[in-house]
$ cat structure.tsv   # TSV, C-alpha atoms and all ligand atoms
chain	number	residue	atom	x	y	z
M	1	MET	CA	120.31	113.87	132.58
M	2	THR	CA	117.75	114.02	129.82
M	3	SER	CA	119.25	117.10	128.28
M	4	ARG	CA	122.69	115.50	128.32
M	5	LEU	CA	121.36	112.51	126.35
M	6	VAL	CA	119.64	114.76	123.85
M	7	ILE	CA	122.81	116.72	123.29
M	8	CYS	CA	124.72	113.52	122.80
M	9	GLY	CA	122.18	112.34	120.22
M	10	ALA	CA	121.82	115.55	118.29
M	11	LEU	CA	125.15	117.27	118.38
M	12	LEU	CA	127.90	115.03	119.54
M	13	LEU	CA	127.03	111.98	117.49
M	14	ALA	CA	130.52	111.71	116.09
M	15	ALA	CA	132.07	111.95	119.54
M	16	CYS	CA	129.63	109.40	120.96
M	17	ASN	CA	130.43	107.04	118.11
M	18	SER	CA	134.12	107.22	118.49
M	19	SER	CA	133.85	106.41	122.16
M	20	SER	CA	131.75	103.32	121.38
M	21	LYS	CA	134.21	102.35	118.68
M	22	ALA	CA	137.04	102.51	121.11
M	23	ASP	CA	135.60	99.35	122.71
M	24	GLY	CA	137.18	97.29	119.98
M	25	LYS	CA	135.15	97.32	116.76
M	26	GLY	CA	138.30	97.31	114.66
M	27	SER	CA	137.01	94.99	111.94
M	28	ALA	CA	133.97	97.16	111.18
M	29	ALA	CA	136.23	100.18	110.85
M	30	ALA	CA	138.37	98.31	108.33
M	31	LYS	CA	135.59	98.32	105.71
M	32	VAL	CA	136.59	101.24	103.53
M	33	VAL	CA	133.14	102.26	102.34
M	34	GLN	CA	131.61	102.39	105.79
M	35	ASP	CA	130.98	105.54	107.76
M	36	ASP	CA	131.77	106.05	111.37
M	37	VAL	CA	128.29	105.25	112.67
M	38	PRO	CA	127.09	102.97	115.49
M	39	PRO	CA	126.79	99.26	114.61
M	40	GLY	CA	123.36	98.38	113.22
M	41	THR	CA	122.80	101.80	111.72
M	42	ASN	CA	123.23	102.78	108.11
M	43	PRO	CA	126.94	102.71	107.18
M	44	PHE	CA	126.15	104.85	104.12
M	45	ALA	CA	124.18	107.46	106.07
M	46	LYS	CA	126.67	110.23	105.38
M	47	HIS	CA	127.62	109.26	101.82
M	48	GLY	CA	126.24	111.71	99.28
M	49	GLU	CA	127.18	109.26	96.49
M	50	ALA	CA	124.99	106.61	98.08
M	51	VAL	CA	121.99	108.76	97.20
M	52	VAL	CA	122.80	108.31	93.51
M	53	GLU	CA	123.58	104.61	93.88
M	54	GLY	CA	120.46	104.19	96.03
M	55	ARG	CA	118.33	105.81	93.37
M	56	LYS	CA	119.65	103.33	90.78
M	57	ILE	CA	118.85	100.49	93.14
M	58	PHE	CA	115.40	101.98	93.71
M	59	LEU	CA	114.77	101.72	89.96
M	60	LYS	CA	116.57	98.42	89.45
M	61	TYR	CA	114.46	96.57	92.00
M	62	GLY	CA	111.19	98.16	90.94
M	63	CYS	CA	110.59	100.14	94.13
M	64	ALA	CA	109.40	103.01	91.93
M	65	GLY	CA	106.61	100.84	90.56
M	66	CYS	CA	104.85	100.95	93.91
M	67	HIS	CA	106.27	104.01	95.62
M	68	GLY	CA	106.43	106.32	92.59
M	69	MET	CA	109.46	107.53	90.60
M	70	GLY	CA	110.26	110.11	93.28
M	71	GLY	CA	108.98	108.12	96.24
M	72	GLY	CA	105.84	110.25	96.48
M	73	GLY	CA	103.65	107.17	96.39
M	74	GLY	CA	101.19	105.99	93.80
M	75	MET	CA	99.79	102.55	94.25
M	76	GLY	CA	102.08	102.08	97.26
M	77	LYS	CA	102.79	104.21	100.29
M	78	PRO	CA	104.58	107.54	99.94
M	79	LEU	CA	108.10	107.42	101.33
M	80	ILE	CA	108.59	111.15	101.72
M	81	ASP	CA	106.07	111.78	104.51
M	82	GLU	CA	106.40	111.25	108.24
M	83	GLU	CA	104.05	108.30	108.54
M	84	TRP	CA	105.86	105.03	108.95
M	85	ARG	CA	103.87	101.84	109.17
M	86	PHE	CA	106.38	99.94	111.32
M	87	GLY	CA	108.65	102.77	112.46
M	88	SER	CA	111.41	104.68	110.69
M	89	ASP	CA	114.60	103.65	112.46
M	90	ASP	CA	117.35	102.03	110.39
M	91	GLN	CA	116.88	98.50	111.71
M	92	THR	CA	113.12	98.46	111.09
M	93	LEU	CA	113.39	99.68	107.52
M	94	PHE	CA	116.28	97.31	106.83
M	95	LYS	CA	114.15	94.38	108.02
M	96	LEU	CA	111.14	95.58	106.03
M	97	ILE	CA	113.13	95.71	102.80
M	98	ARG	CA	114.78	92.38	103.57
M	99	GLY	CA	111.23	91.00	103.95
M	100	GLU	CA	111.55	90.00	107.59
M	101	ILE	CA	108.62	91.79	109.20
M	102	PRO	CA	105.98	89.09	109.69
M	103	ASN	CA	102.87	91.13	108.88
M	104	GLN	CA	104.30	93.33	106.14
M	105	THR	CA	102.30	93.64	102.96
M	106	MET	CA	105.27	94.95	101.02
M	107	PRO	CA	106.49	91.95	98.98
M	108	ASN	CA	109.23	90.09	100.80
M	109	MET	CA	110.91	88.50	97.78
M	110	ILE	CA	112.58	91.66	96.46
M	111	GLY	CA	114.83	92.23	99.45
M	112	LYS	CA	115.90	88.60	99.59
M	113	ALA	CA	117.88	89.20	96.39
M	114	MET	CA	119.56	92.38	97.63
M	115	THR	CA	122.95	92.65	99.35
M	116	ASP	CA	123.20	94.46	102.71
M	117	GLU	CA	125.00	97.28	100.94
M	118	GLU	CA	122.23	97.67	98.38
M	119	ILE	CA	119.62	97.86	101.14
M	120	TRP	CA	121.57	100.49	103.07
M	121	GLN	CA	122.19	102.53	99.93
M	122	VAL	CA	118.55	102.45	98.87
M	123	LEU	CA	117.67	103.56	102.40
M	124	THR	CA	120.11	106.47	102.09
M	125	TYR	CA	118.19	107.46	98.97
M	126	VAL	CA	114.85	107.05	100.80
M	127	ARG	CA	116.18	109.27	103.61
M	128	SER	CA	117.34	111.88	101.10
M	129	ILE	CA	113.83	112.41	99.70
M	130	TYR	CA	112.13	112.68	103.10
M	131	ALA	CA	110.04	115.84	103.12
M	132	GLY	CA	108.18	115.46	106.42
M	133	ASP	CA	108.63	117.22	109.73
M	134	PRO	CA	112.40	117.56	110.41
M	135	ALA	CA	111.71	117.23	114.14
M	136	LYS	CA	110.65	113.62	113.54
M	137	ILE	CA	113.94	112.53	111.97
M	138	ASN	CA	115.46	109.73	114.03
M	139	TRP	CA	118.32	108.82	111.69
M	140	VAL	CA	121.57	110.41	110.58
M	141	VAL	CA	120.61	112.99	107.97
M	142	PRO	CA	122.35	112.50	104.63
M	143	PRO	CA	124.61	115.41	103.67
M	144	PRO	CA	123.35	118.01	101.22
M	145	VAL	CA	123.47	116.48	97.76
M	146	SER	CA	125.04	118.52	94.97
M	147	ALA	CA	122.97	119.57	91.97
M	148	GLU	CA	124.98	117.28	89.66
M	149	MET	CA	124.42	114.34	91.91
M	150	LEU	CA	120.70	114.97	92.11
M	151	ALA	CA	120.49	115.27	88.33
M	152	ALA	CA	122.32	111.95	88.02
M	153	ALA	CA	119.97	110.41	90.57
M	154	ASN	CA	116.86	111.38	88.66
M	155	GLN	CA	117.74	109.83	85.33
M	156	HIS	CA	115.04	107.41	84.36
M	157	ALA	CA	115.97	103.84	83.59
M	158	GLY	CA	115.17	103.20	79.94
M	159	ASP	CA	111.67	103.22	78.49
M	160	PRO	CA	109.41	101.04	80.68
M	161	ILE	CA	106.65	100.60	78.11
M	162	ALA	CA	108.98	99.70	75.22
M	163	ASP	CA	110.98	97.34	77.42
M	164	GLY	CA	107.80	95.80	78.82
M	165	LYS	CA	106.49	95.24	75.30
M	166	GLN	CA	109.53	93.10	74.47
M	167	THR	CA	108.96	90.86	77.47
M	168	PHE	CA	105.27	90.72	76.64
M	169	SER	CA	105.88	89.56	73.08
M	170	GLN	CA	108.15	86.79	74.32
M	171	LEU	CA	106.03	85.51	77.19
M	172	CYS	CA	102.46	86.69	76.90
M	173	THR	CA	101.41	86.87	73.25
M	174	PRO	CA	100.88	83.10	72.83
M	175	CYS	CA	97.82	83.48	75.04
M	176	HIS	CA	96.98	87.18	75.12
M	177	GLY	CA	97.73	87.82	71.44
M	178	PRO	CA	100.12	90.32	69.84
M	179	GLU	CA	97.89	93.27	70.79
M	180	GLY	CA	96.69	91.87	74.09
M	181	HIS	CA	93.15	91.09	72.91
M	182	GLY	CA	93.20	87.64	74.49
M	183	ASP	CA	93.31	85.98	71.07
M	184	GLY	CA	96.75	84.35	70.88
M	185	PRO	CA	97.09	80.92	69.24
M	186	ALA	CA	97.10	79.09	72.60
M	187	ALA	CA	93.85	80.80	73.67
M	188	VAL	CA	91.70	78.46	71.58
M	189	SER	CA	91.99	75.59	74.03
M	190	LEU	CA	91.98	77.62	77.24
M	191	ASN	CA	89.13	77.89	79.71
M	192	PRO	CA	88.78	80.53	81.07
M	193	LYS	CA	89.99	82.58	78.12
M	194	PRO	CA	92.99	84.87	78.57
M	195	ARG	CA	91.83	88.33	79.54
M	196	ASN	CA	91.40	90.95	76.84
M	197	LEU	CA	93.97	93.41	78.20
M	198	THR	CA	92.56	96.29	76.17
M	199	ASP	CA	89.24	96.08	78.05
M	200	ALA	CA	89.50	99.39	79.89
M	201	ALA	CA	86.40	98.86	82.04
M	202	TYR	CA	87.95	95.74	83.56
M	203	MET	CA	91.64	96.65	83.44
M	204	GLN	CA	91.80	100.27	84.57
M	205	PRO	CA	90.62	99.69	88.16
M	206	LEU	CA	93.37	97.06	88.71
M	207	ASP	CA	96.28	98.54	90.61
M	208	ASP	CA	99.99	98.12	89.94
M	209	ARG	CA	100.50	95.95	92.94
M	210	TYR	CA	97.84	93.45	91.84
M	211	LEU	CA	99.28	93.28	88.33
M	212	PHE	CA	102.82	92.94	89.66
M	213	GLU	CA	101.88	90.03	91.89
M	214	LEU	CA	99.58	88.40	89.34
M	215	ILE	CA	102.28	88.35	86.67
M	216	SER	CA	105.01	87.34	89.07
M	217	ARG	CA	103.18	84.72	91.12
M	218	GLY	CA	100.57	83.55	88.63
M	219	GLY	CA	96.76	83.59	88.63
M	220	ILE	CA	96.37	80.92	91.26
M	221	ALA	CA	98.10	83.07	93.92
M	222	LEU	CA	95.43	85.74	93.52
M	223	GLY	CA	92.32	83.64	93.16
M	224	LYS	CA	92.41	83.60	89.37
M	225	SER	CA	92.82	80.65	87.05
M	226	GLN	CA	95.99	78.56	87.07
M	227	MET	CA	95.90	78.94	83.27
M	228	MET	CA	97.49	82.34	83.90
M	229	PRO	CA	101.08	81.18	84.60
M	230	ALA	CA	103.61	82.57	87.10
M	231	GLN	CA	106.82	84.21	85.83
M	232	PRO	CA	109.18	83.65	88.75
M	233	THR	CA	112.29	84.42	86.72
M	234	LEU	CA	111.35	88.00	85.85
M	235	THR	CA	113.18	90.66	87.87
M	236	ALA	CA	111.20	93.35	89.67
M	237	GLN	CA	112.28	95.83	87.00
M	238	GLU	CA	111.09	93.55	84.20
M	239	LEU	CA	107.82	93.01	86.03
M	240	ASN	CA	107.30	96.73	86.42
M	241	ASN	CA	108.02	97.27	82.74
M	242	VAL	CA	105.50	94.61	81.78
M	243	VAL	CA	102.96	96.18	84.13
M	244	ALA	CA	103.59	99.56	82.46
M	245	TYR	CA	103.06	98.00	79.04
M	246	VAL	CA	99.93	96.09	80.09
M	247	LYS	CA	98.45	99.30	81.49
M	248	SER	CA	99.23	101.16	78.27
M	249	LEU	CA	97.04	98.65	76.40
M	250	SER	CA	93.87	99.76	78.15
M	251	ALA	CA	94.88	103.41	78.49
M	252	ALA	CA	94.70	104.01	74.73
M	253	PRO	CA	91.41	103.74	72.86
M	254	ALA	CA	91.09	100.21	71.46
M	255	PRO	CA	92.06	100.13	67.77
M	256	ALA	CA	89.11	99.64	65.42
M	257	HIS	CA	88.97	96.40	63.46
K	1	LIG	C1	104.57	95.70	95.17
K	1	LIG	C2	104.67	97.00	95.81
K	1	LIG	C3	105.94	97.40	96.54
K	1	LIG	C4	107.23	97.34	96.06
K	1	LIG	C5	107.73	96.78	94.74
K	1	LIG	C6	108.06	97.94	97.09
K	1	LIG	N1	107.29	98.35	98.14
K	1	LIG	FE1	107.93	99.37	99.80
K	1	LIG	N2	106.08	99.26	100.59
K	1	LIG	C7	104.96	98.70	99.99
K	1	LIG	C8	103.86	98.73	100.94
K	1	LIG	C9	102.47	98.19	100.67
K	1	LIG	C10	104.34	99.34	102.12
K	1	LIG	C11	103.59	99.62	103.41
K	1	LIG	C12	104.11	98.80	104.53
K	1	LIG	C13	103.53	97.40	104.59
K	1	LIG	O1	102.32	97.27	104.82
K	1	LIG	O2	104.27	96.42	104.41
K	1	LIG	C14	105.74	99.67	101.86
K	1	LIG	C15	106.57	100.32	102.77
K	1	LIG	C16	107.84	100.76	102.50
K	1	LIG	C17	108.64	101.58	103.37
K	1	LIG	C18	108.18	102.12	104.70
K	1	LIG	C19	107.20	103.23	104.43
K	1	LIG	C20	106.30	103.57	105.56
K	1	LIG	O3	105.67	104.64	105.45
K	1	LIG	O4	106.19	102.81	106.54
K	1	LIG	C21	109.85	101.78	102.75
K	1	LIG	C22	111.01	102.58	103.26
K	1	LIG	C23	109.80	101.06	101.51
K	1	LIG	N3	108.57	100.46	101.37
K	1	LIG	C24	110.84	101.01	100.61
K	1	LIG	C25	110.85	100.21	99.47
K	1	LIG	C26	112.01	99.96	98.66
K	1	LIG	C27	113.37	100.58	98.89
K	1	LIG	C28	111.63	99.11	97.66
K	1	LIG	C29	112.49	98.47	96.59
K	1	LIG	C30	113.61	97.70	97.06
K	1	LIG	C31	110.21	98.85	97.84
K	1	LIG	N4	109.78	99.52	98.95
K	1	LIG	C32	109.43	98.08	96.99
K	1	LIG	C33	104.90	98.22	98.70
K	1	LIG	C34	105.99	98.02	97.86
K	2	LIG	C1	99.24	80.06	79.07
K	2	LIG	C2	98.47	81.22	78.74
K	2	LIG	C3	98.82	82.56	79.37
K	2	LIG	C4	100.04	83.20	79.35
K	2	LIG	C5	101.34	82.73	78.73
K	2	LIG	C6	99.83	84.47	80.02
K	2	LIG	N1	98.54	84.58	80.44
K	2	LIG	FE1	97.69	86.18	81.40
K	2	LIG	N2	95.95	85.19	81.54
K	2	LIG	C7	95.70	83.92	81.07
K	2	LIG	C8	94.35	83.50	81.44
K	2	LIG	C9	93.71	82.20	81.11
K	2	LIG	C10	93.80	84.59	82.18
K	2	LIG	C11	92.42	84.68	82.79
K	2	LIG	C12	92.50	84.26	84.25
K	2	LIG	C13	91.13	84.20	84.89
K	2	LIG	O1	90.20	84.81	84.36
K	2	LIG	O2	91.03	83.58	85.96
K	2	LIG	C14	94.82	85.63	82.20
K	2	LIG	C15	94.66	86.86	82.81
K	2	LIG	C16	95.58	87.88	82.79
K	2	LIG	C17	95.35	89.20	83.32
K	2	LIG	C18	94.06	89.70	83.97
K	2	LIG	C19	93.90	89.24	85.40
K	2	LIG	C20	92.48	89.32	85.86
K	2	LIG	O3	92.23	89.92	86.91
K	2	LIG	O4	91.60	88.77	85.19
K	2	LIG	C21	96.49	89.92	83.11
K	2	LIG	C22	96.75	91.35	83.50
K	2	LIG	C23	97.43	89.03	82.45
K	2	LIG	N3	96.85	87.81	82.28
K	2	LIG	C24	98.70	89.39	82.06
K	2	LIG	C25	99.62	88.50	81.51
K	2	LIG	C26	100.98	88.86	81.21
K	2	LIG	C27	101.59	90.24	81.38
K	2	LIG	C28	101.58	87.74	80.71
K	2	LIG	C29	103.02	87.56	80.28
K	2	LIG	C30	104.04	87.87	81.29
K	2	LIG	C31	100.59	86.69	80.69
K	2	LIG	N4	99.42	87.20	81.19
K	2	LIG	C32	100.82	85.42	80.21
K	2	LIG	C33	96.57	83.13	80.32
K	2	LIG	C34	97.89	83.44	80.07
$ encode --input "structure.tsv" --output "structure tokens"
Amino acid sequence: MTSRLVICGALLLAACNSSSKADGKGSAAAKVVQDDVPPGTNPFAKHGEAVVEGRKIFLKYGCAGCHGMGGGGGMGKPLIDEEWRFGSDDQTLFKLIRGEIPNQTMPNMIGKAMTDEEIWQVLTYVRSIYAGDPAKINWVVPPPVSAEMLAAANQHAGDPIADGKQTFSQLCTPCHGPEGHGDGPAAVSLNPKPRNLTDAAYMQPLDDRYLFELISRGGIALGKSQMMPAQPTLTAQELNNVVAYVKSLSAAPAPAH
């Protein structure tokens, strides 16, 4: 019994699927882009191209800001290991990215803006970079990805610091000043004063996630002053770029004056 189930899961997946599809899931099969996989599992699981698309989505929505450019982690959890906070099956990860797991600490607003297809494709990318124990894989393994496709997947999206600087000069300099010293024209009347963002002793211990949420949700959401406004219209990518720029201000030695 048990061994028959295992064989069905590991080797005869395609055969098992087609028998379940025979019970009348004609409309699902009509979607051109979808693979022949059981309902509720990743329809892009076997699409090599979805790895490339998924990588673009990973950058577009700022996943890299927390999970690292290659998913190896940084301020956020690594995605390439075999530890999964809520489980690693397709449905669980789909819900996590959609922001529907009640006690998740991963921000739930990002996934609200994503289509189902974007979530599945980004998950195909996440699957493709898994480097943990192969015995623990409980999803359809993406096909081998060609060298060209991998090269395309690893292209970086623009220059985060330069792009972040542009946003900063539009939205932040009135208070934080053109160089981030906290001396913009609007600072005169503010109490508390805008933070000097070049103050390495204060700024360097702050992690990406804190900065991301602070800038997105505003000071009041994180126990800071309401004088530090929210920027709810910035996309995750724009937020990550601004975070990259803000961090660059305290990474370099403060200019003498
Ligand atoms: C602001 C930081 C942040 C951003 C942005 C973010 N994540 Fe996460 N992510 C987390 C945290 C924290 C966890 C750990 C689970 C939890 O506590 O919610 C996590 C968990 C995960 C997991 C499960 C990992 C595990 O080991 O359990 C996946 C997969 C994942 N994120 C994918 C993504 C994708 C894809 C995006 C972009 C659409 C994204 N994340 C954006 C912070 C982030
Ligand atoms: C209306 C004025 C104003 C604008 C605009 C503004 N800030 Fe601030 N910011 C503040 C004030 C005031 C504080 C200090 C908050 C406190 O100490 O409670 C602050 C603090 C900060 C901090 C430090 C948080 C901490 O832990 O003390 C960062 C980082 C920051 N701002 C980044 C930004 C970025 C990036 C932008 C543009 C997207 C921005 N701010 C726009 C007023 C502003």
$ residues_around --input "structure.tsv" --residues "M:Asn240" --least-positions-apart "6" --cutoff "8 Å" --atoms "all atoms listed in the file" --output "PDB file with C-alpha atoms, in the frame of the given file"
ATOM      1  CA  GLY M  62     111.190  98.160  90.940  1.00  0.00           C
ATOM      2  CA  GLY M  65     106.610 100.840  90.560  1.00  0.00           C
ATOM      3  CA  PRO M 160     109.410 101.040  80.680  1.00  0.00           C
ATOM      4  CA  GLY M 164     107.800  95.800  78.820  1.00  0.00           C
ATOM      5  CA  PHE M 212     102.820  92.940  89.660  1.00  0.00           C
TER       6      PHE M 212
END
$ residues_around --input "structure.tsv" --residues "M:Cys175" --least-positions-apart "5" --cutoff "12 Å" --atoms "only C-alpha atoms" --output "JSON list (two decimals) with C-alpha atoms, in the coordinates of the input"
[["chain", "number", "residue", "atom", "x", "y", "z"],
["M", 168, "PHE", "CA", 105.27, 90.72, 76.64],
["M", 169, "SER", "CA", 105.88, 89.56, 73.08],
["M", 170, "GLN", "CA", 108.15, 86.79, 74.32],
["M", 180, "GLY", "CA", 96.69, 91.87, 74.09],
["M", 181, "HIS", "CA", 93.15, 91.09, 72.91],
["M", 182, "GLY", "CA", 93.20, 87.64, 74.49],
["M", 183, "ASP", "CA", 93.31, 85.98, 71.07],
["M", 184, "GLY", "CA", 96.75, 84.35, 70.88],
["M", 185, "PRO", "CA", 97.09, 80.92, 69.24],
["M", 186, "ALA", "CA", 97.10, 79.09, 72.60],
["M", 187, "ALA", "CA", 93.85, 80.80, 73.67],
["M", 188, "VAL", "CA", 91.70, 78.46, 71.58],
["M", 189, "SER", "CA", 91.99, 75.59, 74.03],
["M", 190, "LEU", "CA", 91.98, 77.62, 77.24],
["M", 191, "ASN", "CA", 89.13, 77.89, 79.71],
["M", 192, "PRO", "CA", 88.78, 80.53, 81.07],
["M", 193, "LYS", "CA", 89.99, 82.58, 78.12],
["M", 194, "PRO", "CA", 92.99, 84.87, 78.57],
["M", 195, "ARG", "CA", 91.83, 88.33, 79.54],
["M", 196, "ASN", "CA", 91.40, 90.95, 76.84],
["M", 197, "LEU", "CA", 93.97, 93.41, 78.20],
["M", 227, "MET", "CA", 95.90, 78.94, 83.27],
["M", 228, "MET", "CA", 97.49, 82.34, 83.90],
["M", 229, "PRO", "CA", 101.08, 81.18, 84.60]]
$ atom_distance --input "structure.tsv" --atom1 "atom CA of M:Glu83" --atom2 "atom CA of M:Ala221"
29.8 Å
$ residues_around --input "structure.tsv" --residues "stretch 86-99 of chain M" --least-positions-apart "4" --cutoff "7 Å" --atoms "only C-alpha atoms" --output "list in words"
Gly40, Thr41, Asn42, Pro107, Asn108, Met109, Gly111, Lys112, Ile119, Asn138 and Trp139 of chain M
$ atom_distance --input "structure.tsv" --atom1 "atom C22 of ligand LIG 1 (chain K)" --atom2 "atom CA of M:Thr235"
19.6 Å
$ closest_residue --input "structure.tsv" --among "M:Gly132, M:Gly48, M:Gly219, M:Pro142" --to "ligand LIG 2 (chain K)" --atoms "only C-alpha atoms and all ligand atoms"
M:Gly219
$ closest_residue --input "structure.tsv" --among "M:Ala236, M:Ala162, M:Ile215, M:Val52" --to "ligand LIG 1 (chain K)" --atoms "all atoms listed in the file"
M:Ala236
$ residues_near_ligand --input "structure.tsv" --ligand "ligand LIG 1 (chain K)" --cutoff "6 Å" --atoms "only C-alpha atoms and all ligand atoms" --output "count of residues only"
20
$ closest_residue --input "structure.tsv" --among "M:Thr233, M:Ser248, M:Gln204, M:Thr173" --to "ligand LIG 2 (chain K)" --atoms "only C-alpha atoms and all ligand atoms"
M:Thr173
$ residues_near_point --input "structure.tsv" --point "(105.3, 116.5, 101.9)" --cutoff "10 Å" --atoms "all atoms listed in the file" --output "list of chain:residue names"
M:Gly72, M:Pro78, M:Leu79, M:Ile80, M:Asp81, M:Glu82, M:Ile129, M:Tyr130, M:Ala131, M:Gly132, M:Asp133
$ closest_residue --input "structure.tsv" --among "M:Ile220, M:Val126, M:Ala230, M:Val141" --to "M:Met69" --atoms "all atoms listed in the file"
M:Val126
$ closest_residue --input "structure.tsv" --among "M:Leu211, M:Ala251, M:Met114, M:Ile57" --to "ligand LIG 2 (chain K)" --atoms "all atoms listed in the file"
M:Leu211
$ closest_residue --input "structure.tsv" --among "M:Lys165, M:Gly158, M:Glu179, M:Gly71" --to "M:Arg127" --atoms "all atoms listed in the file"
M:Gly71
$ atom_distance --input "structure.tsv" --atom1 "atom CA of M:Gly73" --atom2 "atom CA of M:Ala201"
23.9 Å
$ axis_aligned_box --input "structure.tsv" --around "ligand LIG 2 (chain K)" --padding-each-side "5 Å" --output "lines of an AutoDock Vina configuration file"
center_x = 97.1
center_y = 85.7
center_z = 82.8
size_x = 23.8
size_y = 21.3
size_z = 18.2
